[in-house]
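Colleague: File input.cif below, mmCIF, C-alpha atoms:
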```cif
data_coords
loop_
_atom_site.label_atom_id
_atom_site.label_comp_id
_atom_site.auth_asym_id
_atom_site.auth_seq_id
_atom_site.Cartn_x
_atom_site.Cartn_y
_atom_site.Cartn_z
CA MET A 297 0.00 0.00 0.00
CA LYS A 298 1.28 3.40 -0.88
CA THR A 299 1.01 6.07 1.72
CA MET A 300 1.84 9.71 1.55
CA ALA A 301 3.74 11.71 4.05
CA THR A 302 0.96 13.23 6.10
CA LEU A 303 2.11 16.44 7.66
CA GLU A 304 0.10 18.57 10.01
CA THR A 305 2.18 21.63 9.37
CA THR A 306 4.04 23.05 6.45
CA PRO A 307 7.26 21.09 5.91
CA ALA A 308 10.24 22.95 7.21
CA VAL A 309 12.00 24.78 4.42
CA ALA A 310 15.66 25.49 5.16
CA ASP A 311 15.56 29.07 3.90
CA PRO A 312 12.11 29.87 2.54
CA MET A 313 13.39 32.90 0.65
CA LEU A 314 16.12 31.03 -1.23
CA PRO A 315 15.07 29.40 -4.53
CA GLN A 316 16.37 25.84 -4.85
CA PRO A 317 17.60 24.89 -8.32
CA HIS A 318 15.43 22.32 -10.07
CA VAL A 319 15.66 20.74 -13.51
CA VAL A 320 12.74 20.31 -15.90
CA GLN A 321 12.21 16.60 -16.62
CA ARG A 322 9.03 16.74 -18.68
CA VAL A 323 6.73 19.26 -20.31
CA ASP A 324 3.24 17.98 -21.11
CA LYS A 325 0.79 20.01 -23.13
CA GLU A 326 -2.57 19.64 -21.40
CA THR A 327 -4.61 22.11 -23.49
CA PRO A 328 -3.65 24.72 -26.12
CA ASP A 329 -2.58 27.16 -23.39
CA THR A 330 -1.89 24.96 -20.37
CA PHE A 331 1.18 22.84 -19.68
CA SER A 332 2.38 20.57 -16.89
CA LEU A 333 6.03 20.86 -15.90
CA THR A 334 7.67 18.01 -14.03
CA VAL A 335 10.79 19.07 -12.15
CA ASP A 336 13.34 17.28 -9.99
CA PRO A 337 15.83 18.85 -7.57
CA GLN A 338 19.23 19.53 -9.08
CA ASP A 339 21.97 17.17 -7.83
CA GLY A 340 22.86 18.02 -4.27
CA VAL A 341 19.58 19.78 -3.52
CA ASP A 342 17.37 18.20 -0.86
CA ASP A 343 13.99 17.06 -1.99
CA VAL A 344 10.95 18.04 0.05
CA ALA A 345 7.58 16.50 0.77
CA PHE A 346 4.40 18.41 0.11
CA ARG A 347 0.80 18.09 1.16
CA PRO A 348 -2.03 18.14 -1.40
CA GLY A 349 -3.17 21.74 -1.81
CA GLN A 350 0.18 23.41 -1.13
CA PHE A 351 1.95 25.69 -3.58
CA SER A 352 5.49 26.70 -4.53
CA MET A 353 7.04 29.92 -5.73
CA LEU A 354 8.59 29.19 -9.14
CA TRP A 355 11.42 31.40 -10.28
CA VAL A 356 12.20 31.85 -13.97
CA PHE A 357 15.60 33.45 -13.89
CA GLY A 358 15.59 36.91 -15.42
CA VAL A 359 11.81 37.00 -15.75
CA GLY A 360 10.14 36.69 -12.38
CA GLU A 361 8.59 34.52 -9.73
CA LEU A 362 5.11 33.02 -9.61
CA PRO A 363 2.99 31.16 -7.07
CA ILE A 364 1.91 27.85 -8.63
CA SER A 365 -0.01 25.02 -6.96
CA ILE A 366 1.58 21.61 -6.88
CA SER A 367 -0.47 19.28 -9.07
CA GLY A 368 1.56 16.07 -8.88
CA ASP A 369 1.54 12.89 -6.85
CA PRO A 370 2.52 13.47 -3.18
CA THR A 371 3.98 9.95 -2.92
CA GLN A 372 6.67 10.78 -5.48
CA ARG A 373 8.94 12.52 -3.04
CA GLY A 374 11.21 15.05 -4.65
CA ARG A 375 9.39 15.06 -7.97
CA LEU A 376 7.19 18.12 -8.34
CA VAL A 377 4.57 18.76 -11.01
CA TYR A 378 3.06 22.14 -11.79
CA THR A 379 0.20 22.79 -14.20
CA VAL A 380 0.53 26.29 -15.57
CA ARG A 381 -1.78 28.27 -17.83
CA SER A 382 0.06 30.67 -20.07
CA VAL A 383 -1.54 34.06 -19.49
CA GLY A 384 1.34 36.54 -19.34
CA LYS A 385 5.07 37.12 -19.58
CA ALA A 386 6.12 35.06 -16.57
CA THR A 387 3.76 32.14 -17.18
CA ASN A 388 4.76 32.19 -20.86
CA ALA A 389 8.39 31.95 -19.86
CA LEU A 390 7.60 29.12 -17.47
CA VAL A 391 5.71 26.97 -19.97
CA SER A 392 8.42 27.61 -22.56
CA ARG A 393 11.01 25.76 -20.44
CA LYS A 394 12.50 22.75 -22.16
CA VAL A 395 13.61 19.46 -20.71
CA GLY A 396 16.94 20.06 -18.97
CA ASP A 397 16.28 23.75 -18.33
CA GLY A 398 16.55 25.04 -14.80
CA ILE A 399 14.04 26.86 -12.63
CA GLY A 400 14.13 27.96 -9.03
CA VAL A 401 11.65 26.54 -6.53
CA ARG A 402 10.75 27.96 -3.12
CA GLY A 403 8.43 26.13 -0.80
CA PRO A 404 6.18 24.22 -0.55
CA PHE A 405 4.08 26.77 1.28
CA GLY A 406 0.69 27.08 2.88
CA VAL A 407 -2.05 24.95 4.37
CA GLY A 408 -3.25 22.05 2.25
CA TRP A 409 -6.48 20.06 1.98
CA PRO A 410 -7.77 18.57 5.26
CA LEU A 411 -6.72 14.94 4.92
CA GLU A 412 -7.39 14.11 8.56
CA VAL A 413 -10.93 15.47 8.34
CA ALA A 414 -11.56 13.58 5.10
CA ARG A 415 -10.39 10.15 6.29
CA GLY A 416 -13.29 7.74 6.72
CA ARG A 417 -15.66 10.00 4.82
CA ASP A 418 -16.84 10.52 1.26
CA VAL A 419 -14.80 13.13 -0.56
CA ILE A 420 -16.56 15.52 -2.93
CA VAL A 421 -14.12 17.37 -5.16
CA VAL A 422 -15.49 20.28 -7.20
CA ALA A 423 -13.09 21.85 -9.67
CA GLY A 424 -13.48 24.71 -12.10
CA GLY A 425 -11.07 25.29 -14.99
CA ILE A 426 -7.44 25.09 -13.93
CA GLY A 427 -8.70 24.67 -10.36
CA LEU A 428 -8.46 20.94 -11.01
CA ALA A 429 -4.66 21.21 -10.74
CA PRO A 430 -4.43 21.88 -6.96
CA LEU A 431 -7.07 19.19 -6.40
CA ARG A 432 -5.29 16.45 -8.36
CA PRO A 433 -2.97 15.55 -5.46
CA ILE A 434 -5.97 14.89 -3.19
CA ILE A 435 -7.48 12.67 -5.89
CA TYR A 436 -4.19 10.71 -6.02
CA GLU A 437 -4.21 10.50 -2.24
CA VAL A 438 -7.75 9.09 -2.08
CA LEU A 439 -7.25 6.62 -4.93
CA GLN A 440 -3.93 5.34 -3.59
CA ASN A 441 -5.30 4.88 -0.08
CA ARG A 442 -8.74 3.68 -1.05
CA GLU A 443 -9.54 1.90 2.21
CA GLN A 444 -9.02 5.09 4.21
CA TYR A 445 -11.76 7.04 2.44
CA GLY A 446 -15.37 6.63 1.40
CA ARG A 447 -16.65 7.42 -2.08
CA LEU A 448 -14.86 9.93 -4.28
CA VAL A 449 -17.08 12.21 -6.34
CA LEU A 450 -15.35 14.58 -8.75
CA LEU A 451 -17.38 17.32 -10.42
CA TYR A 452 -15.29 19.17 -12.96
CA GLY A 453 -16.47 22.11 -15.04
CA THR A 454 -14.48 24.01 -17.59
CA ARG A 455 -15.03 26.39 -20.45
CA SER A 456 -15.05 24.22 -23.57
CA PRO A 457 -13.98 20.73 -24.66
CA ARG A 458 -10.53 21.98 -25.65
CA ASP A 459 -9.97 23.25 -22.09
CA VAL A 460 -10.47 19.89 -20.35
CA LEU A 461 -7.37 19.09 -18.28
CA TYR A 462 -5.93 15.60 -17.64
CA ARG A 463 -8.28 13.91 -20.14
CA LYS A 464 -6.69 10.48 -19.91
CA GLU A 465 -6.58 10.54 -16.13
CA LEU A 466 -10.23 11.60 -15.90
CA ALA A 467 -11.11 8.46 -17.86
CA VAL A 468 -8.90 6.29 -15.62
CA TRP A 469 -10.32 7.80 -12.41
CA ALA A 470 -13.88 7.24 -13.65
CA ARG A 471 -13.18 3.49 -13.82
CA GLN A 472 -11.98 3.23 -10.23
CA PRO A 473 -14.24 1.62 -7.63
CA GLU A 474 -16.37 3.85 -5.45
CA THR A 475 -15.56 6.77 -7.72
CA GLN A 476 -17.84 9.01 -9.76
CA VAL A 477 -16.35 11.47 -12.22
CA LEU A 478 -18.61 14.01 -13.90
CA THR A 479 -17.26 16.52 -16.38
CA SER A 480 -19.06 19.44 -17.93
CA VAL A 481 -18.23 22.26 -20.28
CA ASP A 482 -19.96 25.62 -20.46
CA TYR A 483 -20.09 25.51 -24.25
CA GLY A 484 -19.88 22.40 -26.41
CA GLY A 485 -19.22 21.87 -30.08
CA LEU A 486 -20.64 19.21 -32.35
CA SER A 487 -17.90 16.74 -31.47
CA TRP A 488 -18.51 16.96 -27.71
CA HIS A 489 -21.02 14.38 -26.54
CA GLY A 490 -20.48 14.95 -22.82
CA HIS A 491 -22.46 17.17 -20.50
CA VAL A 492 -22.93 20.86 -21.28
CA GLY A 493 -23.86 23.34 -18.57
CA VAL A 494 -22.20 25.13 -15.68
CA VAL A 495 -20.55 22.97 -13.05
CA THR A 496 -23.47 23.37 -10.62
CA THR A 497 -25.72 21.53 -13.09
CA LEU A 498 -23.66 18.39 -12.46
CA PHE A 499 -25.04 18.04 -8.94
CA LYS A 500 -28.24 16.48 -10.24
CA TYR A 501 -26.20 13.52 -11.50
CA ALA A 502 -23.97 13.17 -8.43
CA ARG A 503 -24.67 10.42 -5.94
CA LEU A 504 -23.96 12.22 -2.69
CA HIS A 505 -24.31 11.31 0.97
CA PRO A 506 -24.04 14.79 2.50
CA SER A 507 -24.01 13.70 6.13
CA ARG A 508 -20.84 11.65 5.68
CA SER A 509 -19.05 13.87 3.15
CA VAL A 510 -16.41 16.53 3.07
CA ALA A 511 -16.20 18.84 0.05
CA MET A 512 -13.12 20.48 -1.45
CA ILE A 513 -13.52 23.22 -4.04
CA CYS A 514 -11.09 25.09 -6.25
CA GLY A 515 -11.86 27.39 -9.15
CA PRO A 516 -12.70 31.01 -9.87
CA GLU A 517 -14.14 32.69 -6.77
CA ILE A 518 -17.49 33.31 -8.43
CA MET A 519 -17.73 29.61 -9.23
CA MET A 520 -16.86 28.68 -5.65
CA ARG A 521 -19.61 30.96 -4.34
CA PHE A 522 -22.24 29.22 -6.44
CA VAL A 523 -20.84 25.78 -5.66
CA THR A 524 -20.86 26.36 -1.89
CA ARG A 525 -24.50 27.46 -2.11
CA GLU A 526 -25.32 24.34 -4.09
CA LEU A 527 -23.50 22.12 -1.60
CA GLU A 528 -25.47 23.66 1.24
CA MET A 529 -28.69 23.08 -0.71
CA GLN A 530 -27.62 19.46 -1.11
CA GLY A 531 -27.37 19.20 2.68
CA LEU A 532 -23.65 19.61 3.40
CA LYS A 533 -22.79 21.50 6.53
CA ARG A 534 -20.69 24.62 6.09
CA GLU A 535 -17.99 23.20 8.34
CA ASP A 536 -17.56 20.27 5.94
CA ILE A 537 -16.72 22.53 2.99
CA TYR A 538 -13.17 23.68 2.16
CA VAL A 539 -12.10 26.13 -0.54
CA SER A 540 -8.73 27.02 -2.05
CA MET A 541 -8.17 30.74 -2.51
CA GLU A 542 -5.81 32.56 -4.81
CA ARG A 543 -4.18 35.96 -4.48
CA ASN A 544 -0.95 37.59 -5.55
CA MET A 545 1.44 35.65 -3.32
CA LYS A 546 4.99 37.06 -3.20
CA CYS A 547 7.01 36.04 -0.17
CA GLY A 548 5.07 32.83 0.54
CA VAL A 549 5.53 33.07 4.30
CA GLY A 550 3.18 35.83 5.42
CA LEU A 551 5.72 38.65 5.64
CA CYS A 552 5.11 40.93 2.67
CA GLY A 553 1.32 41.30 2.90
CA HIS A 554 0.70 41.05 -0.86
CA CYS A 555 -1.83 38.28 -0.43
CA GLN A 556 -3.71 39.71 2.52
CA TYR A 557 -7.35 38.64 2.50
CA GLY A 558 -9.26 40.31 5.30
CA PRO A 559 -7.49 39.19 8.48
CA TYR A 560 -5.63 36.37 6.70
CA PHE A 561 -2.62 35.88 4.49
CA ILE A 562 -3.49 33.44 1.73
CA CYS A 563 0.10 32.15 1.51
CA LYS A 564 0.38 31.28 5.20
CA ASP A 565 -3.16 30.82 6.52
CA GLY A 566 -4.34 29.27 3.24
CA PRO A 567 -4.55 28.73 0.36
CA VAL A 568 -7.01 26.12 1.67
CA PHE A 569 -9.53 27.51 4.14
CA PRO A 570 -12.57 26.10 5.87
CA TYR A 571 -15.45 27.76 4.04
CA GLU A 572 -17.02 28.83 7.32
CA ARG A 573 -13.93 30.88 8.16
CA ILE A 574 -13.99 33.02 5.02
CA ARG A 575 -17.65 32.83 4.01
CA THR A 576 -18.39 36.46 4.78
CA LEU A 577 -15.28 37.59 2.89
CA LEU A 578 -16.25 35.79 -0.32
CA ASP A 579 -19.13 38.21 -0.92
CA LYS A 580 -16.97 41.32 -0.56
CA TYR A 581 -15.89 42.29 -4.05
CA GLU A 582 -13.34 44.84 -2.85
CA LEU A 583 -11.24 42.10 -1.25
CA MET B 93 -45.40 -3.24 -18.40
CA GLU B 94 -45.29 0.28 -17.04
CA THR B 95 -48.27 2.37 -18.03
CA LEU B 96 -47.92 5.97 -19.14
CA GLU B 97 -49.82 7.09 -16.07
CA ARG B 98 -47.43 5.18 -13.79
CA ILE B 99 -44.38 6.66 -15.52
CA ILE B 100 -45.77 10.18 -15.23
CA ALA B 101 -46.79 9.70 -11.61
CA ASP B 102 -43.33 8.36 -10.70
CA HIS B 103 -41.43 11.12 -12.50
CA PRO B 104 -39.78 13.53 -10.03
CA PHE B 105 -41.16 16.49 -11.97
CA PHE B 106 -44.69 15.46 -11.05
CA ALA B 107 -43.91 14.29 -7.52
CA GLY B 108 -46.76 15.08 -5.14
CA LEU B 109 -49.33 15.57 -7.88
CA GLU B 110 -52.73 14.06 -7.10
CA SER B 111 -53.62 11.00 -9.14
CA TYR B 112 -56.62 12.80 -10.64
CA TYR B 113 -54.21 15.27 -12.23
CA THR B 114 -51.76 12.63 -13.44
CA GLY B 115 -54.79 11.02 -15.09
CA LEU B 116 -55.53 14.30 -16.87
CA LEU B 117 -51.91 14.60 -17.95
CA THR B 118 -51.82 11.05 -19.24
CA GLY B 119 -54.62 11.93 -21.64
CA CYS B 120 -52.16 14.29 -23.36
CA ALA B 121 -49.15 11.94 -23.27
CA SER B 122 -47.53 9.54 -25.71
CA ASN B 123 -44.34 7.50 -25.89
CA VAL B 124 -41.79 8.75 -28.39
CA ARG B 125 -38.35 7.62 -29.50
CA PHE B 126 -35.62 9.48 -31.38
CA ASN B 127 -32.53 7.98 -32.97
CA ALA B 128 -29.14 9.52 -32.24
CA GLY B 129 -28.68 12.48 -34.57
CA ALA B 130 -32.39 13.22 -34.94
CA TYR B 131 -33.87 16.57 -34.00
CA LEU B 132 -36.74 16.59 -31.52
CA PHE B 133 -37.54 20.11 -32.68
CA LYS B 134 -35.90 23.05 -34.37
CA GLU B 135 -35.78 26.76 -33.62
CA GLY B 136 -38.72 28.63 -35.14
CA GLU B 137 -41.02 25.62 -35.36
CA PRO B 138 -44.35 25.60 -33.48
CA ALA B 139 -43.86 24.41 -29.92
CA ASN B 140 -46.57 21.83 -29.45
CA ASN B 141 -44.95 19.45 -26.95
CA PHE B 142 -42.72 19.06 -23.99
CA TYR B 143 -40.78 15.94 -23.09
CA LEU B 144 -39.99 13.89 -20.01
CA ILE B 145 -36.72 12.25 -21.02
CA ARG B 146 -36.66 8.59 -19.98
CA SER B 147 -33.27 7.66 -21.42
CA GLY B 148 -30.66 9.07 -23.76
CA LYS B 149 -29.18 12.53 -24.10
CA VAL B 150 -30.43 15.67 -25.85
CA ALA B 151 -28.44 18.82 -26.65
CA LEU B 152 -29.99 22.27 -26.81
CA GLU B 153 -28.27 24.03 -29.67
CA ILE B 154 -28.14 27.60 -30.91
CA LEU B 155 -27.20 28.21 -34.49
CA PRO B 156 -25.09 31.38 -34.69
CA PRO B 157 -25.07 33.06 -38.13
CA HIS B 158 -22.38 31.67 -40.44
CA ASN B 159 -21.16 29.28 -37.81
CA ARG B 160 -21.58 25.78 -36.44
CA PRO B 161 -24.23 25.05 -33.83
CA ILE B 162 -23.23 25.68 -30.23
CA ASN B 163 -24.39 23.19 -27.65
CA VAL B 164 -25.47 25.29 -24.66
CA GLU B 165 -26.98 22.59 -22.47
CA THR B 166 -27.47 18.86 -22.35
CA LEU B 167 -30.42 17.07 -20.80
CA THR B 168 -30.60 13.43 -19.84
CA GLU B 169 -32.73 10.82 -18.11
CA GLY B 170 -35.26 12.26 -15.68
CA GLU B 171 -35.10 15.80 -17.04
CA ILE B 172 -37.69 18.00 -18.68
CA LEU B 173 -37.22 19.39 -22.17
CA GLY B 174 -39.12 22.42 -23.43
CA TRP B 175 -41.34 25.13 -22.04
CA SER B 176 -42.06 27.17 -25.18
CA TRP B 177 -45.37 25.27 -25.46
CA LEU B 178 -46.48 27.06 -22.28
CA LEU B 179 -46.12 30.70 -23.31
CA PRO B 180 -47.14 32.57 -26.46
CA PRO B 181 -46.11 32.65 -29.27
CA TYR B 182 -45.52 28.88 -28.74
CA ILE B 183 -42.40 28.81 -30.93
CA TRP B 184 -39.19 26.89 -30.14
CA SER B 185 -36.17 29.09 -29.39
CA PHE B 186 -33.50 26.37 -29.78
CA HIS B 187 -32.78 23.19 -31.64
CA ALA B 188 -33.10 19.99 -29.59
CA HIS B 189 -30.71 17.41 -30.98
CA ALA B 190 -30.62 13.79 -29.80
CA LEU B 191 -26.97 12.94 -29.08
CA GLN B 192 -27.91 9.36 -28.21
CA ASP B 193 -30.92 7.18 -28.90
CA THR B 194 -33.51 8.84 -26.74
CA ARG B 195 -36.81 7.66 -25.27
CA ALA B 196 -39.25 10.17 -23.85
CA ILE B 197 -42.84 10.84 -22.91
CA ALA B 198 -44.17 13.64 -25.10
CA LEU B 199 -46.93 15.76 -23.62
CA ASP B 200 -49.12 17.54 -26.13
CA GLY B 201 -48.87 21.22 -25.28
CA LYS B 202 -52.17 22.25 -26.91
CA CYS B 203 -54.00 19.49 -25.09
CA LEU B 204 -52.37 20.44 -21.79
CA ARG B 205 -52.99 24.17 -22.24
CA THR B 206 -56.68 23.45 -22.79
CA LYS B 207 -56.85 21.30 -19.65
CA CYS B 208 -55.00 23.93 -17.62
CA GLU B 209 -57.46 26.61 -18.79
CA GLN B 210 -60.35 24.38 -17.82
CA ASN B 211 -58.83 23.41 -14.46
CA HIS B 212 -56.76 26.19 -12.91
CA ASP B 213 -55.65 23.98 -10.02
CA LEU B 214 -53.94 21.73 -12.55
CA GLY B 215 -52.60 24.84 -14.31
CA TYR B 216 -51.10 26.11 -11.06
CA GLU B 217 -49.47 22.75 -10.30
CA VAL B 218 -47.94 22.65 -13.78
CA LEU B 219 -46.79 26.29 -13.64
CA LYS B 220 -45.21 25.83 -10.20
CA ARG B 221 -43.13 22.96 -11.51
CA PHE B 222 -42.06 24.75 -14.67
CA GLY B 223 -41.32 27.88 -12.63
CA GLN B 224 -38.74 25.97 -10.59
CA ILE B 225 -37.06 24.61 -13.68
CA MET B 226 -37.07 28.03 -15.36
CA ALA B 227 -35.51 29.66 -12.28
CA ARG B 228 -32.72 27.07 -12.02
CA ARG B 229 -31.93 27.25 -15.72
CA LEU B 230 -32.00 31.05 -15.69
CA GLN B 231 -29.50 31.05 -12.84
CA ALA B 232 -27.31 28.53 -14.66
CA THR B 233 -27.46 30.64 -17.81
CA ARG B 234 -26.40 33.73 -15.88
CA ILE B 235 -23.40 31.88 -14.46
CA GLN B 236 -22.61 30.67 -17.97
CA LEU B 237 -22.69 34.29 -19.20
CA LEU B 238 -19.94 35.18 -16.71
CA ASP B 239 -17.57 33.05 -18.81
CA MET B 240 -15.75 32.52 -15.53
CA TYR B 241 -12.94 30.34 -16.86
CA ALA B 242 -11.89 32.82 -19.57
CA GLN B 243 -8.53 34.58 -19.37
CA LYS B 244 -9.11 37.94 -17.71
#
```
Kindly present the structure from the file in structure tokens form.
Modeller:
Amino acid sequence: MKTMATLETTPAVADPMLPQPHVVQRVDKETPDTFSLTVDPQDGVDDVAFRPGQFSMLWVFGVGELPISISGDPTQRGRLVYTVRSVGKATNALVSRKVGDGIGVRGPFGVGWPLEVARGRDVIVVAGGIGLAPLRPIIYEVLQNREQYGRLVLLYGTRSPRDVLYRKELAVWARQPETQVLTSVDYGGLSWHGHVGVVTTLFKYARLHPSRSVAMICGPEIMMRFVTRELEMQGLKREDIYVSMERNMKCGVGLCGHCQYGPYFICKDGPVFPYERIRTLLDKYEL
Amino acid sequence: METLERIIADHPFFAGLESYYTGLLTGCASNVRFNAGAYLFKEGEPANNFYLIRSGKVALEILPPHNRPINVETLTEGEILGWSWLLPPYIWSFHAHALQDTRAIALDGKCLRTKCEQNHDLGYEVLKRFGQIMARRLQATRIQLLDMYAQK
């Protein structure tokens, strides 16, 4: 049986401000604008464990540094995978790395998904767009430690068929026991024979047991607001819902204040929060 | 064999409806079947029916000018298709395209409108149920309009 390193706190990072040199091992094109980079520590650099839901600061030398969620398998110690959507200069530079190129990695940082809370219960994962990336490690965790969890229900919504991430894995996950995978796109073409509609419309097909479930959500904030409402309508308690937030993280350790969110720093107190803790902040557009 | 009345009475859309009313509805109902690729109806055609989908999958499509159809919603087993029969001018606003072989109960809109006019209690029960579906789909459409996964 594979197990992951379960850590209650952020793994100790020797010097959290010092990027550690890593080498790109693979670049996988997931969609026309989204790529997964697999990196290993350069010889002589210590590898680190991470918890599902944590993020790293990735440094492209001469361009800049970006906060990117870790989207790989937590059991593969040392090997880190990042799924990056190319939306600007720094992300463009990152996805343009070739095998053998170097990048700097700081972290992992932040609070991850609540594994201890989820053990023994059904896990409902709701992902929107590239929000599936920070949730993939929890899916690996559940599927590799099947006896420790109840059913896994993944509801994944994205923009169009060409934006569907991890297509092959979605098909593999859907065949696993005690697992339901539902995918939807907001707009479909003639060749798409899957579901069309916003991610909340998938709930009518989901086989949920709200009283024994914990839900984990990641996607655009507006999507998470509608999904949390839907989960409550389905009968989930607020305290059983967790969301992953995103802001402009810089230092990664709660010093610089760039990612302040009300009384919290997303990089240190999050990015995963109990929904109940930040519920009133989600409706404040000025935050 | 399941009777039409039993199927209608057991459908979640009509849950809680008195048997007298399901009897009235059954008088307007028929079994229909569409092969994959067939159109249940097309935009601009008279809207004379609505459908309780029993199996299969149907896409609601919009045909933008000079472009391919866009699938804006899919409906499957247990769902309701169509409300244009309920409100004037009784014209379909979308294409409904069977993506899979599809079985449904078709309810004759003209027949049902007449019965609802004659029996307003039935009309209210029907309107309440369609109102819920309309509200949920309107909300879903508004979220869809946000295009929330687009690059900002």
Colleague: Determine, for each residue of chain A having at least one atom at most 8 Å from an atom of chain B, the closest pair of atoms and their separation in Å to one decimal, counting only C-alpha atoms; order by chain and ascending number, as a tab-separated table.
Modeller:
```
residue	atom	partner	partner_atom	distance
A:Val383	CA	B:Gln243	CA	7.0
A:Gly424	CA	B:Tyr241	CA	7.4
A:Gly425	CA	B:Tyr241	CA	5.7
A:Thr454	CA	B:Tyr241	CA	6.6
A:Arg455	CA	B:Tyr241	CA	5.7
A:Asp482	CA	B:Gln236	CA	6.2
A:Tyr483	CA	B:Val164	CA	5.4
A:Gly484	CA	B:Asn163	CA	4.7
A:Gly485	CA	B:Ile162	CA	5.5
A:Leu486	CA	B:Pro161	CA	7.0
A:His489	CA	B:Leu191	CA	6.6
A:His491	CA	B:Thr166	CA	5.6
A:Val492	CA	B:Glu165	CA	4.6
A:Gly493	CA	B:Glu165	CA	5.1
A:Val494	CA	B:Gln236	CA	6.0
A:Thr496	CA	B:Ala232	CA	7.6
A:Thr497	CA	B:Ala232	CA	7.3
A:Pro516	CA	B:Met240	CA	6.6
A:Ile518	CA	B:Met240	CA	7.4
A:Met519	CA	B:Met240	CA	7.2
```
Colleague: Edge lengths and centre, in Å to one decimal, as JSON: that's what I need for the box along x, y and z that holds all listed atoms of stretch 486-490 of chain A plus 4 Å on each side.
Modeller:
```
{"center_x": -19.5, "center_y": 16.8, "center_z": -27.6, "size_x": 11.1, "size_y": 12.8, "size_z": 17.5}
```
Colleague: What separation in Å, quoted to one decimal, exists between atom CA of B:Ile145 and atom CA of A:Tyr452?
Modeller: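 If I compute the distance from atom CA of B:Ile145 to atom CA of A:Tyr452, I get 23.9 Å.
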Colleague: Do you know which residues the PyMOL selection byres ((chain A and resi 323) around 9) returns on this file, as a VMD selection string?
Modeller: chain A and resid 320 to 322 324 to 325 331 to 334 391 to 395
Colleague: Using all atoms listed in the file, pick whichever of B:Ala196, B:Ala139, B:Cys120, B:Ile154 has the shortest atom-to-atom distance to B:Leu179.
Modeller: B:Ala139
Colleague: Please evaluate the PyMOL selection byres ((chain A and resi 567-577) around 7) against the structure above and give the resulting residues as a list in words.
Modeller: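 Taken over the shown coordinates, the PyMOL selection byres ((chain A and resi 567-577) around 7) returns Gly349, Gly406, Val407, Gly408, Trp409, Arg534, Glu535, Ile537, Tyr538, Val539, Ser540, Met541, Glu542, Ile562, Cys563, Asp565, Gly566, Leu578, Asp579 and Lys580 of chain A.
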Colleague: Distance cut-off 7 Å, centre (-39.5, 19.0, -28.0) in file coordinates, counting only C-alpha atoms: which residues qualify? Return them as number ranges by chain.
Modeller: B: 132-133, 141-143, 173-174, 188
Colleague: Any idea what's packed within 9 Å of A:Leu466, counting all atoms listed in the file, ignoring anything in its chain fewer than 4 positions away? Could you give it as a PyMOL selection string?
Modeller: chain A and resi 461-462+470-471+477-479
Colleague: Return as a list in words the set of residues that the PyMOL selection byres ((chain B and resi 121) around 10) yields on the displayed structure.
Modeller: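 This file gives the following for the PyMOL selection byres ((chain B and resi 121) around 10): Leu96, Glu97, Ile100, Gly115, Leu116, Leu117, Thr118, Gly119, Cys120, Ser122, Asn123, Val124, Asn141, Phe142, Tyr143, Leu144, Ile197, Ala198, Leu199, Asp200, Gly201, Cys203 and Leu204 of chain B.
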Colleague: With distances taken over only C-alpha atoms, which residue among B:Ser185, B:Thr194, B:Ser176, B:Ser111 lies nearest B:Arg146?
Modeller: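 Distance minimum relative to B:Arg146 lands on B:Thr194.
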Colleague: Could you state the separation of atom CA of A:Gly400 and atom CA of A:Val344 in Å, given to one decimal place?
Modeller: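 Between atom CA of A:Gly400 and atom CA of A:Val344 the gap is 13.8 Å.
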Colleague: State, in Å with one decimal place, the distance from atom CA of A:Gly374 to atom CA of A:Pro404.
Modeller: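 Between atom CA of A:Gly374 and atom CA of A:Pro404 the gap works out to 11.2 Å.
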Colleague: My list of candidates is A:Val460, A:Thr330, A:Met313, A:Glu474. Which is closest to A:Glu443 when distances are computed with all atoms listed in the file?
Modeller: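 Checking each of A:Val460, A:Thr330, A:Met313, A:Glu474 against A:Glu443, counting all atoms listed in the file, the winner is A:Glu474.
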Colleague: Residues within 8 Å of stretch 376-378 of chain A, please, as a list in words. Count all atoms listed in the file; anything in the same chain fewer than 2 positions from it doesn't count.
Modeller: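 Contacts, in chain order: Ser332, Leu333, Thr334, Val335, Asp336, Ile364, Ser365, Ile366, Ser367, Gly368, Asp369, Gln372, Arg373, Gly374, Val380 and Ala429 of chain A.
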Colleague: Taking into account only C-alpha atoms, which residue in the set B:Ile172, B:Thr114, B:Asn140, B:Glu94 is nearest to B:Gln224?
Modeller: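 Checking each candidate against B:Gln224, we get B:Ile172 as the closest.
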Colleague: Pick out the closest residue to A:Asp459 from this set: A:Gly427, A:Pro559, A:Lys500, A:Arg442. Count all atoms listed in the file.
Modeller: A:Gly427
Colleague: Identify the residues around (11.5, 32.4, -5.4) within a radius of 10 Å, measuring from only C-alpha atoms in the coordinates stated by the file, and give them as a PyMOL selection string.
Modeller: chain A and resi 312-316+352-357+360-363+399-403+546-548
Colleague: Using only C-alpha atoms for the distances, tell me which of A:Val481, A:Val468, A:Val449, A:Leu551 is nearest to A:Arg503.
Modeller: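 Distance minimum relative to A:Arg503 lands on A:Val449.
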